[in-house]
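Undergrad: Before I ask anything, let me first share the structure, which is written out below as structure tokens.
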Amino acid sequence: MDNELVKEINGKEYHFKLKSKRIVDLEKLTGKSIIEIIQDTSMGNIARILKFACLEDCDEYAILDALLEQLTYEKVITDIILEIAVVSGIISKTDLAKVNSKVSEEKNQ
């Protein structure tokens, strides 16, 4: 679907999207805005975002571990978390491209 991030992880398909109710719940839980939450790249926060964005019941730590078997932590953030933010309407594709460009520039320095 265009309005969800669909990823196959360990042979199972997962659908991710942060819907408004889940965003409000996440903001209440953390005391931070959704933008602040997405900018927090701590492992616990990334697991929490996966849990709140997964449209089916899931074990966020199992998903994160499975993702880390396939991707670096940086790629989990850029290819999963930020893509979830795009499909959820939190950031634009243009903003994502700017972030990815900045990350590439920093790597090359």
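By convention in this document, the chains of the structure tokens carry letters A, B, ... by their order, each chain's residues are numbered from 1, and ligands are numbered from 1 in the order they are shown.
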For Leu82 of chain A, list every protein, DNA or RNA residue within 12 Å, evaluated using only C-alpha atoms, and leave out those in the same chain fewer than 3 positions away; present the list as a PDB file with N, CA, C and O atoms, in the first residue's frame.

TA:
```pdb
ATOM      1  N   LEU A   5       4.454   1.604   5.162  1.00  0.00           N
ATOM      2  CA  LEU A   5       5.747   1.020   4.844  1.00  0.00           C
ATOM      3  C   LEU A   5       5.604  -0.473   5.078  1.00  0.00           C
ATOM      4  O   LEU A   5       5.266  -0.900   6.182  1.00  0.00           O
ATOM      5  N   PHE A  16       3.884  -0.795   8.590  1.00  0.00           N
ATOM      6  CA  PHE A  16       4.202   0.272   9.533  1.00  0.00           C
ATOM      7  C   PHE A  16       3.585   1.590   9.087  1.00  0.00           C
ATOM      8  O   PHE A  16       3.647   1.959   7.917  1.00  0.00           O
ATOM      9  N   LYS A  17       3.016   2.294  10.027  1.00  0.00           N
ATOM     10  CA  LYS A  17       2.525   3.653   9.823  1.00  0.00           C
ATOM     11  C   LYS A  17       2.178   4.226  11.193  1.00  0.00           C
ATOM     12  O   LYS A  17       1.570   3.549  12.019  1.00  0.00           O
ATOM     13  N   LEU A  18       2.578   5.460  11.427  1.00  0.00           N
ATOM     14  CA  LEU A  18       2.196   6.134  12.671  1.00  0.00           C
ATOM     15  C   LEU A  18       0.889   6.872  12.433  1.00  0.00           C
ATOM     16  O   LEU A  18       0.860   7.880  11.741  1.00  0.00           O
ATOM     17  N   ILE A  34       6.347  14.634  18.269  1.00  0.00           N
ATOM     18  CA  ILE A  34       6.705  13.546  17.355  1.00  0.00           C
ATOM     19  C   ILE A  34       8.016  13.841  16.631  1.00  0.00           C
ATOM     20  O   ILE A  34       8.812  12.937  16.393  1.00  0.00           O
ATOM     21  N   ILE A  35       8.280  15.088  16.320  1.00  0.00           N
ATOM     22  CA  ILE A  35       9.553  15.444  15.671  1.00  0.00           C
ATOM     23  C   ILE A  35      10.719  15.168  16.616  1.00  0.00           C
ATOM     24  O   ILE A  35      11.742  14.610  16.205  1.00  0.00           O
ATOM     25  N   ILE A  37      10.737  12.997  19.013  1.00  0.00           N
ATOM     26  CA  ILE A  37      10.815  11.547  19.155  1.00  0.00           C
ATOM     27  C   ILE A  37      11.591  10.941  17.989  1.00  0.00           C
ATOM     28  O   ILE A  37      12.473  10.101  18.185  1.00  0.00           O
ATOM     29  N   ILE A  38      11.292  11.373  16.784  1.00  0.00           N
ATOM     30  CA  ILE A  38      11.969  10.834  15.608  1.00  0.00           C
ATOM     31  C   ILE A  38      13.448  11.219  15.612  1.00  0.00           C
ATOM     32  O   ILE A  38      14.296  10.451  15.149  1.00  0.00           O
ATOM     33  N   GLN A  39      13.784  12.363  16.154  1.00  0.00           N
ATOM     34  CA  GLN A  39      15.182  12.796  16.211  1.00  0.00           C
ATOM     35  C   GLN A  39      15.992  12.056  17.268  1.00  0.00           C
ATOM     36  O   GLN A  39      17.220  12.057  17.215  1.00  0.00           O
ATOM     37  N   ASP A  40      15.323  11.420  18.211  1.00  0.00           N
ATOM     38  CA  ASP A  40      16.005  10.652  19.259  1.00  0.00           C
ATOM     39  C   ASP A  40      16.385   9.290  18.683  1.00  0.00           C
ATOM     40  O   ASP A  40      15.526   8.447  18.440  1.00  0.00           O
ATOM     41  N   THR A  41      17.675   9.081  18.456  1.00  0.00           N
ATOM     42  CA  THR A  41      18.119   7.845  17.806  1.00  0.00           C
ATOM     43  C   THR A  41      18.601   6.783  18.795  1.00  0.00           C
ATOM     44  O   THR A  41      19.286   5.841  18.402  1.00  0.00           O
ATOM     45  N   ILE A  46      14.061   3.894  19.241  1.00  0.00           N
ATOM     46  CA  ILE A  46      13.822   3.274  17.935  1.00  0.00           C
ATOM     47  C   ILE A  46      12.901   2.058  18.095  1.00  0.00           C
ATOM     48  O   ILE A  46      11.960   1.875  17.326  1.00  0.00           O
ATOM     49  N   ILE A  49       9.362   3.341  18.650  1.00  0.00           N
ATOM     50  CA  ILE A  49       8.733   3.795  17.400  1.00  0.00           C
ATOM     51  C   ILE A  49       8.258   2.596  16.583  1.00  0.00           C
ATOM     52  O   ILE A  49       7.152   2.611  16.042  1.00  0.00           O
ATOM     53  N   LEU A  50       9.081   1.564  16.496  1.00  0.00           N
ATOM     54  CA  LEU A  50       8.678   0.353  15.763  1.00  0.00           C
ATOM     55  C   LEU A  50       7.394  -0.228  16.355  1.00  0.00           C
ATOM     56  O   LEU A  50       6.479  -0.610  15.633  1.00  0.00           O
ATOM     57  N   ALA A  53       4.418   2.056  15.562  1.00  0.00           N
ATOM     58  CA  ALA A  53       4.129   2.153  14.126  1.00  0.00           C
ATOM     59  C   ALA A  53       3.651   0.855  13.521  1.00  0.00           C
ATOM     60  O   ALA A  53       2.997   0.866  12.475  1.00  0.00           O
ATOM     61  N   GLU A  74      22.355   2.580  11.491  1.00  0.00           N
ATOM     62  CA  GLU A  74      22.108   3.802  10.716  1.00  0.00           C
ATOM     63  C   GLU A  74      21.053   3.554   9.638  1.00  0.00           C
ATOM     64  O   GLU A  74      20.158   4.374   9.431  1.00  0.00           O
ATOM     65  N   LYS A  75      21.140   2.405   8.958  1.00  0.00           N
ATOM     66  CA  LYS A  75      20.168   2.080   7.906  1.00  0.00           C
ATOM     67  C   LYS A  75      18.779   1.815   8.491  1.00  0.00           C
ATOM     68  O   LYS A  75      17.773   2.117   7.860  1.00  0.00           O
ATOM     69  N   VAL A  76      18.699   1.254   9.684  1.00  0.00           N
ATOM     70  CA  VAL A  76      17.400   1.072  10.335  1.00  0.00           C
ATOM     71  C   VAL A  76      16.749   2.437  10.526  1.00  0.00           C
ATOM     72  O   VAL A  76      15.556   2.618  10.255  1.00  0.00           O
ATOM     73  N   ILE A  77      17.550   3.399  10.942  1.00  0.00           N
ATOM     74  CA  ILE A  77      17.012   4.745  11.165  1.00  0.00           C
ATOM     75  C   ILE A  77      16.613   5.390   9.844  1.00  0.00           C
ATOM     76  O   ILE A  77      15.494   5.895   9.703  1.00  0.00           O
ATOM     77  N   THR A  78      17.503   5.370   8.848  1.00  0.00           N
ATOM     78  CA  THR A  78      17.218   6.069   7.594  1.00  0.00           C
ATOM     79  C   THR A  78      16.246   5.321   6.685  1.00  0.00           C
ATOM     80  O   THR A  78      15.401   5.943   6.049  1.00  0.00           O
ATOM     81  N   ASP A  79      16.351   3.997   6.647  1.00  0.00           N
ATOM     82  CA  ASP A  79      15.518   3.233   5.720  1.00  0.00           C
ATOM     83  C   ASP A  79      14.198   2.745   6.317  1.00  0.00           C
ATOM     84  O   ASP A  79      13.289   2.391   5.577  1.00  0.00           O
ATOM     85  N   ALA A  85       8.144   7.794   8.966  1.00  0.00           N
ATOM     86  CA  ALA A  85       7.761   9.201   9.144  1.00  0.00           C
ATOM     87  C   ALA A  85       7.222   9.792   7.847  1.00  0.00           C
ATOM     88  O   ALA A  85       6.256  10.564   7.861  1.00  0.00           O
ATOM     89  N   VAL A  86       7.792   9.403   6.708  1.00  0.00           N
ATOM     90  CA  VAL A  86       7.321   9.904   5.417  1.00  0.00           C
ATOM     91  C   VAL A  86       5.921   9.377   5.110  1.00  0.00           C
ATOM     92  O   VAL A  86       5.015  10.159   4.803  1.00  0.00           O
ATOM     93  N   VAL A  87       5.728   8.054   5.205  1.00  0.00           N
ATOM     94  CA  VAL A  87       4.406   7.498   4.867  1.00  0.00           C
ATOM     95  C   VAL A  87       3.337   7.937   5.859  1.00  0.00           C
ATOM     96  O   VAL A  87       2.149   7.923   5.538  1.00  0.00           O
ATOM     97  N   SER A  88       3.762   8.363   7.049  1.00  0.00           N
ATOM     98  CA  SER A  88       2.823   8.825   8.070  1.00  0.00           C
ATOM     99  C   SER A  88       2.515  10.311   7.943  1.00  0.00           C
ATOM    100  O   SER A  88       1.699  10.845   8.689  1.00  0.00           O
ATOM    101  N   GLY A  89       3.186  10.988   7.019  1.00  0.00           N
ATOM    102  CA  GLY A  89       2.932  12.411   6.805  1.00  0.00           C
ATOM    103  C   GLY A  89       3.622  13.321   7.809  1.00  0.00           C
ATOM    104  O   GLY A  89       3.277  14.490   7.924  1.00  0.00           O
ATOM    105  N   ILE A  90       4.603  12.808   8.522  1.00  0.00           N
ATOM    106  CA  ILE A  90       5.307  13.604   9.527  1.00  0.00           C
ATOM    107  C   ILE A  90       6.393  14.446   8.868  1.00  0.00           C
ATOM    108  O   ILE A  90       6.593  15.603   9.231  1.00  0.00           O
ATOM    109  N   ILE A  91       7.109  13.859   7.942  1.00  0.00           N
ATOM    110  CA  ILE A  91       8.099  14.591   7.156  1.00  0.00           C
ATOM    111  C   ILE A  91       7.848  14.320   5.678  1.00  0.00           C
ATOM    112  O   ILE A  91       7.225  13.316   5.327  1.00  0.00           O
ATOM    113  N   SER A  92       8.338  15.207   4.838  1.00  0.00           N
ATOM    114  CA  SER A  92       8.140  15.036   3.396  1.00  0.00           C
ATOM    115  C   SER A  92       9.284  14.223   2.796  1.00  0.00           C
ATOM    116  O   SER A  92      10.342  14.068   3.415  1.00  0.00           O
ATOM    117  N   LYS A  93       9.082  13.743   1.589  1.00  0.00           N
ATOM    118  CA  LYS A  93      10.144  13.039   0.872  1.00  0.00           C
ATOM    119  C   LYS A  93      11.323  13.968   0.638  1.00  0.00           C
ATOM    120  O   LYS A  93      12.479  13.541   0.673  1.00  0.00           O
ATOM    121  N   THR A  94      11.048  15.242   0.436  1.00  0.00           N
ATOM    122  CA  THR A  94      12.107  16.235   0.250  1.00  0.00           C
ATOM    123  C   THR A  94      12.945  16.356   1.519  1.00  0.00           C
ATOM    124  O   THR A  94      14.180  16.394   1.458  1.00  0.00           O
ATOM    125  N   ASP A  95      12.286  16.402   2.673  1.00  0.00           N
ATOM    126  CA  ASP A  95      13.002  16.462   3.950  1.00  0.00           C
ATOM    127  C   ASP A  95      13.855  15.216   4.138  1.00  0.00           C
ATOM    128  O   ASP A  95      15.000  15.301   4.596  1.00  0.00           O
ATOM    129  N   LEU A  96      13.317  14.060   3.781  1.00  0.00           N
ATOM    130  CA  LEU A  96      14.064  12.810   3.898  1.00  0.00           C
ATOM    131  C   LEU A  96      15.291  12.841   2.999  1.00  0.00           C
ATOM    132  O   LEU A  96      16.377  12.434   3.411  1.00  0.00           O
ATOM    133  N   ALA A  97      15.135  13.332   1.787  1.00  0.00           N
ATOM    134  CA  ALA A  97      16.264  13.427   0.866  1.00  0.00           C
ATOM    135  C   ALA A  97      17.345  14.343   1.436  1.00  0.00           C
ATOM    136  O   ALA A  97      18.544  14.055   1.315  1.00  0.00           O
ATOM    137  N   LYS A  98      16.946  15.434   2.082  1.00  0.00           N
ATOM    138  CA  LYS A  98      17.911  16.358   2.694  1.00  0.00           C
ATOM    139  C   LYS A  98      18.668  15.670   3.827  1.00  0.00           C
ATOM    140  O   LYS A  98      19.885  15.827   3.960  1.00  0.00           O
ATOM    141  N   VAL A  99      17.952  14.913   4.647  1.00  0.00           N
ATOM    142  CA  VAL A  99      18.585  14.192   5.756  1.00  0.00           C
ATOM    143  C   VAL A  99      19.592  13.186   5.202  1.00  0.00           C
ATOM    144  O   VAL A  99      20.735  13.106   5.667  1.00  0.00           O
ATOM    145  N   ASN A 100      19.172  12.412   4.203  1.00  0.00           N
ATOM    146  CA  ASN A 100      20.063  11.406   3.623  1.00  0.00           C
ATOM    147  C   ASN A 100      21.285  12.048   2.979  1.00  0.00           C
ATOM    148  O   ASN A 100      22.387  11.515   3.073  1.00  0.00           O
TER     149      ASN A 100
END
```

Undergrad: Select from chain A everything DSSP, run on the backbone, classes as strand (DSSP E or B), then give the selection as a list of chain:residue names.

TA: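 Matching residues for strand (DSSP E or B) in chain A are A:Leu5, A:Val6, A:Lys7, A:Glu8, A:Ile9, A:Lys12, A:Glu13, A:Tyr14, A:His15, A:Phe16, A:Cys54.
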
Undergrad: Which one is closest to Ser42 of chain A: A:Cys54, A:Ala62, A:Tyr73, A:Glu4? Count only C-alpha atoms.

TA: A:Tyr73

Undergrad: Could you pull the residues within 10 Å of segment 10-15 of chain A, counting only C-alpha atoms, minus those fewer than 5 positions along the same chain, as a PDB file with N, CA and C atoms, in the first residue's frame?

TA:
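Wrote result.pdb, looks like this:
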```
ATOM      1  N   MET A   1       0.828  -1.180   0.000  1.00  0.00           N
ATOM      2  CA  MET A   1       0.000   0.000   0.000  1.00  0.00           C
ATOM      3  C   MET A   1       0.873   1.245   0.000  1.00  0.00           C
ATOM      4  N   ASN A   3       0.304   4.084   1.475  1.00  0.00           N
ATOM      5  CA  ASN A   3       0.295   4.854   2.717  1.00  0.00           C
ATOM      6  C   ASN A   3       0.811   4.056   3.912  1.00  0.00           C
ATOM      7  N   GLU A   4       1.541   2.993   3.646  1.00  0.00           N
ATOM      8  CA  GLU A   4       2.170   2.200   4.695  1.00  0.00           C
ATOM      9  C   GLU A   4       3.556   1.806   4.219  1.00  0.00           C
ATOM     10  N   LEU A   5       4.454   1.604   5.162  1.00  0.00           N
ATOM     11  CA  LEU A   5       5.747   1.020   4.844  1.00  0.00           C
ATOM     12  C   LEU A   5       5.604  -0.473   5.078  1.00  0.00           C
ATOM     13  N   ALA A  53       4.418   2.056  15.562  1.00  0.00           N
ATOM     14  CA  ALA A  53       4.129   2.153  14.126  1.00  0.00           C
ATOM     15  C   ALA A  53       3.651   0.855  13.521  1.00  0.00           C
ATOM     16  N   CYS A  54       3.959  -0.263  14.153  1.00  0.00           N
ATOM     17  CA  CYS A  54       3.562  -1.562  13.595  1.00  0.00           C
ATOM     18  C   CYS A  54       2.043  -1.705  13.678  1.00  0.00           C
ATOM     19  N   LEU A  55       1.427  -1.972  12.537  1.00  0.00           N
ATOM     20  CA  LEU A  55      -0.033  -2.033  12.491  1.00  0.00           C
ATOM     21  C   LEU A  55      -0.593  -3.351  13.000  1.00  0.00           C
ATOM     22  N   GLU A  56       0.266  -4.317  13.232  1.00  0.00           N
ATOM     23  CA  GLU A  56      -0.170  -5.563  13.851  1.00  0.00           C
ATOM     24  C   GLU A  56       0.560  -5.719  15.186  1.00  0.00           C
ATOM     25  N   ASP A  57       0.083  -6.619  16.022  1.00  0.00           N
ATOM     26  CA  ASP A  57       0.734  -6.845  17.302  1.00  0.00           C
ATOM     27  C   ASP A  57       2.133  -7.389  17.032  1.00  0.00           C
ATOM     28  N   CYS A  58       3.128  -6.797  17.668  1.00  0.00           N
ATOM     29  CA  CYS A  58       4.500  -7.215  17.387  1.00  0.00           C
ATOM     30  C   CYS A  58       5.375  -7.082  18.621  1.00  0.00           C
ATOM     31  N   ILE A  63      11.738  -7.505  16.256  1.00  0.00           N
ATOM     32  CA  ILE A  63      11.813  -6.843  14.953  1.00  0.00           C
ATOM     33  C   ILE A  63      13.131  -6.084  14.819  1.00  0.00           C
ATOM     34  N   ALA A  66      15.973  -8.504  14.312  1.00  0.00           N
ATOM     35  CA  ALA A  66      15.935  -9.048  12.950  1.00  0.00           C
ATOM     36  C   ALA A  66      16.421  -8.017  11.934  1.00  0.00           C
ATOM     37  N   LEU A  67      16.014  -6.767  12.112  1.00  0.00           N
ATOM     38  CA  LEU A  67      16.478  -5.715  11.212  1.00  0.00           C
ATOM     39  C   LEU A  67      17.992  -5.533  11.311  1.00  0.00           C
ATOM     40  N   GLU A  69      20.142  -7.707  11.912  1.00  0.00           N
ATOM     41  CA  GLU A  69      20.824  -8.816  11.239  1.00  0.00           C
ATOM     42  C   GLU A  69      20.993  -8.509   9.751  1.00  0.00           C
ATOM     43  N   GLN A  70      20.128  -7.655   9.213  1.00  0.00           N
ATOM     44  CA  GLN A  70      20.134  -7.334   7.785  1.00  0.00           C
ATOM     45  C   GLN A  70      20.738  -5.971   7.488  1.00  0.00           C
ATOM     46  N   ILE A  84       9.029   5.484   7.707  1.00  0.00           N
ATOM     47  CA  ILE A  84       7.747   5.452   8.438  1.00  0.00           C
ATOM     48  C   ILE A  84       7.241   6.879   8.620  1.00  0.00           C
TER      49      ILE A  84
END
```
